[in-house]
Amino acid sequence: MQTGYLELKLAWELFHKAPETLSEPERGRLAEVANRQNSIEQRILLSPEAANVIVPAATLRTRLGEIRQRYASIDDYQHDLERSGLNETTLAEAVERDLRVESVLEKIAADTPPVSAVDAEIYYRLHPEAFDRPEARRLRHILVTFNNPKQKLKVLKELEALRLTLTSDEKFANAALRHSQCPTAVEGGKLGTVKRGQLYAELEPYAFALEEGEVSAVLESPIGLHLMRCDEILDSGMLSFAEVADKIIERLSDKRRKDAQRTWILALPKI
């Protein structure tokens with residue numbers, strides 16, 4: 001029963017798929033991870049720390065509901081349970097076991113000392129490269145493709161005329177929706193936050209020379225002709241410690257908790 005549940009659970013966690021849709025290499029990997037995970041969980045549940053762990057009924061109902069919601073229909077859900085050798089009752093038993101394991105590991109992690117602001121600042125000073133914010137911009141574009149030189153000339157003239165009308169972000173967004181042949185057209189041509197090295201080489205120097213609110217001349221890339229607009233220039237350079245302190249503390253706390261759990265598991269008696 002437990003192996004079937006682990007395969008069902010890990011198929012979604014590892015591959016975001018139902019078990020029956022996995023390829024042969026994926027199935028092999030799934031079986032390997034499931035066997036190892038089952039062995040670890042047995043050792044955890046035999047530990048003294050697991051003796052008095054009880055899973056609240058509401059927590060179990062919530063987790064079972066989350067599993068059910070992964071499926072498009074009740075038939076798909078039932079089919080996967082049957083394929084894994086499970087039914088509603090045995091699934092609930094397996095999930096309850098899973099939640100007990102999580103509770104034990106949470107108990108172990110809760111004993112780890114908290115990460116202080118001093119710990120976070122030491123990490124910040126020792127890893128400056130992690131907090132060096134690269135130059136970036138929020139960009140939009142309008143893309144029109146062409147198939148031959150004559151069509152290219154026609155598109156070029158149309159975009160040059162269109163450029164003169166793009167006097168605001170709203171007008172650019174509306175124009176992108178009407179004219180752009182890029183999927184971003186439905187979002188007003190938004191490319192989002194773009195860093196150096198993410199655009200075609202033909203576009204990058206011009207895009208990163210734009211001022212906020214400025215629209216480029218017509219530019220050519222391997223996929224067509226573009227008009228680009230800079231919505232916002234994002235500051236580059238080192239992030240201050242104050243900007244990243246909370247994230248560092250969160251990251252170090254998570255690592256400290258996982259290290260404590262790993263050390264504890266390694267010290268458990270072998271079965």
# chains A, B, ... in the order shown; residues from 1 in each chain; ligands from 1
call {"tool": "residues_around", "arguments": {"residues": "stretch 97-112 of chain A", "least_positions_apart": "2", "cutoff": "6 Å", "atoms": "only C-alpha atoms", "output": "list in words"}}
result
Ala50, Ala94, Val95 and Arg257 of chain A
call {"tool": "residues_around", "arguments": {"residues": "A:Arg61", "least_positions_apart": "4", "cutoff": "12 Å", "atoms": "only C-alpha atoms", "output": "list in words"}}
result
Val55, Pro56, Ala57, Gly65, Glu66, Ile67, Arg68, Glu88, Leu91, Ala92, Glu93, Val95, Glu96 and Leu99 of chain A
call {"tool": "write_last_selection", "arguments": {"atoms": "N, CA and C atoms", "output": "PDB file, in the first residue's frame"}}
result
ATOM      1  N   VAL A  55      -2.105  13.032  14.027  1.00  0.00           N
ATOM      2  CA  VAL A  55      -2.496  13.912  12.925  1.00  0.00           C
ATOM      3  C   VAL A  55      -3.936  14.362  13.117  1.00  0.00           C
ATOM      4  N   PRO A  56      -4.208  15.659  13.198  1.00  0.00           N
ATOM      5  CA  PRO A  56      -5.586  16.140  13.331  1.00  0.00           C
ATOM      6  C   PRO A  56      -6.428  15.733  12.116  1.00  0.00           C
ATOM      7  N   ALA A  57      -7.693  15.398  12.362  1.00  0.00           N
ATOM      8  CA  ALA A  57      -8.583  14.973  11.276  1.00  0.00           C
ATOM      9  C   ALA A  57      -8.725  16.054  10.212  1.00  0.00           C
ATOM     10  N   GLY A  65      -8.016  16.367   0.128  1.00  0.00           N
ATOM     11  CA  GLY A  65      -8.655  17.264  -0.837  1.00  0.00           C
ATOM     12  C   GLY A  65      -7.666  17.796  -1.851  1.00  0.00           C
ATOM     13  N   GLU A  66      -6.446  18.110  -1.414  1.00  0.00           N
ATOM     14  CA  GLU A  66      -5.418  18.602  -2.328  1.00  0.00           C
ATOM     15  C   GLU A  66      -5.054  17.543  -3.367  1.00  0.00           C
ATOM     16  N   ILE A  67      -4.993  16.296  -2.937  1.00  0.00           N
ATOM     17  CA  ILE A  67      -4.692  15.207  -3.875  1.00  0.00           C
ATOM     18  C   ILE A  67      -5.799  15.079  -4.908  1.00  0.00           C
ATOM     19  N   ARG A  68      -7.041  15.132  -4.450  1.00  0.00           N
ATOM     20  CA  ARG A  68      -8.179  14.996  -5.375  1.00  0.00           C
ATOM     21  C   ARG A  68      -8.186  16.111  -6.416  1.00  0.00           C
ATOM     22  N   GLU A  88     -10.087   4.558  -1.246  1.00  0.00           N
ATOM     23  CA  GLU A  88     -10.232   5.749  -0.399  1.00  0.00           C
ATOM     24  C   GLU A  88      -9.688   5.509   1.014  1.00  0.00           C
ATOM     25  N   LEU A  91      -5.796   4.975   0.974  1.00  0.00           N
ATOM     26  CA  LEU A  91      -5.157   6.256   0.664  1.00  0.00           C
ATOM     27  C   LEU A  91      -5.112   7.125   1.917  1.00  0.00           C
ATOM     28  N   ALA A  92      -6.218   7.187   2.645  1.00  0.00           N
ATOM     29  CA  ALA A  92      -6.265   7.994   3.865  1.00  0.00           C
ATOM     30  C   ALA A  92      -5.242   7.499   4.879  1.00  0.00           C
ATOM     31  N   GLU A  93      -5.084   6.167   4.996  1.00  0.00           N
ATOM     32  CA  GLU A  93      -4.105   5.610   5.921  1.00  0.00           C
ATOM     33  C   GLU A  93      -2.685   5.996   5.509  1.00  0.00           C
ATOM     34  N   VAL A  95      -1.782   8.583   3.642  1.00  0.00           N
ATOM     35  CA  VAL A  95      -1.592  10.028   3.799  1.00  0.00           C
ATOM     36  C   VAL A  95      -1.387  10.387   5.261  1.00  0.00           C
ATOM     37  N   GLU A  96      -2.123   9.730   6.141  1.00  0.00           N
ATOM     38  CA  GLU A  96      -1.946   9.980   7.573  1.00  0.00           C
ATOM     39  C   GLU A  96      -0.522   9.623   8.001  1.00  0.00           C
ATOM     40  N   LEU A  99       1.771  12.352   6.852  1.00  0.00           N
ATOM     41  CA  LEU A  99       1.660  13.534   7.700  1.00  0.00           C
ATOM     42  C   LEU A  99       2.352  13.330   9.051  1.00  0.00           C
TER      43      LEU A  99
END
call {"tool": "closest_atom_pairs", "arguments": {"of": "stretch 33-127 of chain A", "to": "stretch 225-245 of chain A", "cutoff": "8 Å", "atoms": "only C-alpha atoms", "output": "CSV"}}
result
residue,atom,partner,partner_atom,distance
A:Ala117,CA,A:Ala245,CA,7.3
A:Ala120,CA,A:Ala245,CA,6.4
A:Glu121,CA,A:Phe241,CA,7.0
A:Tyr124,CA,A:Phe241,CA,6.9
call {"tool": "write_last_selection", "arguments": {"atoms": "N, CA, C and O atoms", "output": "short mmCIF file (atom, residue, chain, number, x, y, z; two decimals), in the first residue's frame"}}
result
data_model
loop_
_atom_site.label_atom_id
_atom_site.label_comp_id
_atom_site.auth_asym_id
_atom_site.auth_seq_id
_atom_site.Cartn_x
_atom_site.Cartn_y
_atom_site.Cartn_z
N ALA A 117 20.32 38.31 12.94
CA ALA A 117 20.71 39.35 11.98
C ALA A 117 22.21 39.34 11.77
O ALA A 117 22.69 39.62 10.66
N ALA A 120 23.05 36.63 9.36
CA ALA A 120 22.66 37.06 8.01
C ALA A 120 23.66 38.04 7.44
O ALA A 120 24.02 37.95 6.25
N GLU A 121 24.14 38.97 8.25
CA GLU A 121 25.09 39.97 7.74
C GLU A 121 26.44 39.33 7.40
O GLU A 121 27.09 39.72 6.43
N TYR A 124 25.98 37.83 4.09
CA TYR A 124 25.94 38.92 3.10
C TYR A 124 27.34 39.39 2.74
O TYR A 124 27.67 39.58 1.57
#
call {"tool": "atom_distance", "arguments": {"atom1": "atom CA of A:Leu8", "atom2": "atom CA of A:Leu22"}}
result
11.1 Å
call {"tool": "select_by_dssp", "arguments": {"residues": "stretch 53-160 of chain A", "states": "strand (DSSP E)", "output": "PyMOL selection string"}}
result
chain A and resi 132-133+136-144
call {"tool": "write_last_selection", "arguments": {"atoms": "all heavy atoms", "output": "compact mmCIF listing (two decimals), in the first residue's frame"}}
result
# COMPACT_ATOMS: atom_id res chain seq x y z
N ASP A 132 24.60 41.25 -6.14
CA ASP A 132 24.95 42.25 -7.15
C ASP A 132 23.84 42.25 -8.20
O ASP A 132 23.73 41.32 -9.00
CB ASP A 132 26.30 41.91 -7.78
CG ASP A 132 26.79 43.01 -8.70
OD1 ASP A 132 26.16 44.09 -8.75
OD2 ASP A 132 27.81 42.81 -9.38
N ARG A 133 23.01 43.26 -8.17
CA ARG A 133 21.85 43.33 -9.05
C ARG A 133 22.29 43.79 -10.44
O ARG A 133 22.84 44.89 -10.60
CB ARG A 133 20.83 44.29 -8.47
CG ARG A 133 19.57 44.48 -9.29
CD ARG A 133 18.52 45.23 -8.48
NE ARG A 133 19.08 46.42 -7.84
CZ ARG A 133 18.52 47.07 -6.83
NH1 ARG A 133 17.38 46.64 -6.33
NH2 ARG A 133 19.08 48.14 -6.31
N ALA A 136 18.88 46.09 -15.57
CA ALA A 136 17.65 45.49 -16.10
C ALA A 136 16.64 46.58 -16.43
O ALA A 136 16.71 47.69 -15.89
CB ALA A 136 17.06 44.51 -15.09
N ARG A 137 15.72 46.24 -17.31
CA ARG A 137 14.66 47.18 -17.71
C ARG A 137 13.36 46.42 -17.90
O ARG A 137 13.37 45.23 -18.20
CB ARG A 137 15.04 47.87 -19.03
CG ARG A 137 16.20 48.82 -18.85
CD ARG A 137 16.83 49.22 -20.19
NE ARG A 137 17.99 50.06 -19.91
CZ ARG A 137 18.07 51.37 -20.17
NH1 ARG A 137 17.07 51.99 -20.77
NH2 ARG A 137 19.15 52.06 -19.86
N ARG A 138 12.27 47.15 -17.71
CA ARG A 138 10.96 46.60 -18.07
C ARG A 138 10.66 47.10 -19.47
O ARG A 138 10.58 48.32 -19.70
CB ARG A 138 9.90 47.05 -17.08
CG ARG A 138 10.13 46.56 -15.66
CD ARG A 138 8.89 46.75 -14.80
NE ARG A 138 9.23 46.67 -13.39
CZ ARG A 138 9.43 45.55 -12.72
NH1 ARG A 138 9.34 44.40 -13.35
NH2 ARG A 138 9.72 45.58 -11.43
N LEU A 139 10.49 46.16 -20.39
CA LEU A 139 10.35 46.50 -21.81
C LEU A 139 9.05 45.97 -22.39
O LEU A 139 8.48 44.99 -21.92
CB LEU A 139 11.52 45.91 -22.60
CG LEU A 139 12.93 46.35 -22.22
CD1 LEU A 139 13.96 45.52 -22.99
CD2 LEU A 139 13.13 47.84 -22.50
N ARG A 140 8.60 46.67 -23.45
CA ARG A 140 7.52 46.19 -24.32
C ARG A 140 8.06 46.17 -25.74
O ARG A 140 9.03 46.86 -26.05
CB ARG A 140 6.32 47.14 -24.28
CG ARG A 140 5.62 47.29 -22.95
CD ARG A 140 4.52 48.35 -23.07
NE ARG A 140 3.95 48.68 -21.78
CZ ARG A 140 2.84 48.13 -21.29
NH1 ARG A 140 2.18 47.24 -22.02
NH2 ARG A 140 2.38 48.46 -20.10
N HIS A 141 7.41 45.39 -26.59
CA HIS A 141 7.78 45.48 -28.01
C HIS A 141 6.60 45.15 -28.89
O HIS A 141 5.60 44.55 -28.47
CB HIS A 141 8.99 44.58 -28.32
CG HIS A 141 8.64 43.14 -28.57
ND1 HIS A 141 9.31 42.36 -29.48
CD2 HIS A 141 7.69 42.32 -28.03
CE1 HIS A 141 8.81 41.14 -29.48
NE2 HIS A 141 7.83 41.09 -28.62
N ILE A 142 6.75 45.59 -30.12
CA ILE A 142 5.82 45.23 -31.20
C ILE A 142 6.66 44.52 -32.25
O ILE A 142 7.68 45.06 -32.71
CB ILE A 142 5.14 46.48 -31.80
CG1 ILE A 142 4.24 47.14 -30.75
CG2 ILE A 142 4.34 46.11 -33.05
CD1 ILE A 142 3.71 48.49 -31.17
N LEU A 143 6.27 43.33 -32.60
CA LEU A 143 7.00 42.53 -33.59
C LEU A 143 6.12 42.30 -34.81
O LEU A 143 4.97 41.88 -34.67
CB LEU A 143 7.39 41.18 -32.99
CG LEU A 143 7.85 40.11 -34.00
CD1 LEU A 143 9.17 40.49 -34.65
CD2 LEU A 143 7.94 38.74 -33.32
N VAL A 144 6.68 42.56 -35.98
CA VAL A 144 6.00 42.23 -37.24
C VAL A 144 7.01 41.48 -38.11
O VAL A 144 8.13 41.94 -38.30
CB VAL A 144 5.49 43.49 -37.97
CG1 VAL A 144 4.76 43.08 -39.25
CG2 VAL A 144 4.56 44.30 -37.07
call {"tool": "atom_distance", "arguments": {"atom1": "atom CA of A:Gln151", "atom2": "atom CA of A:Lys171"}}
result
25.0 Å
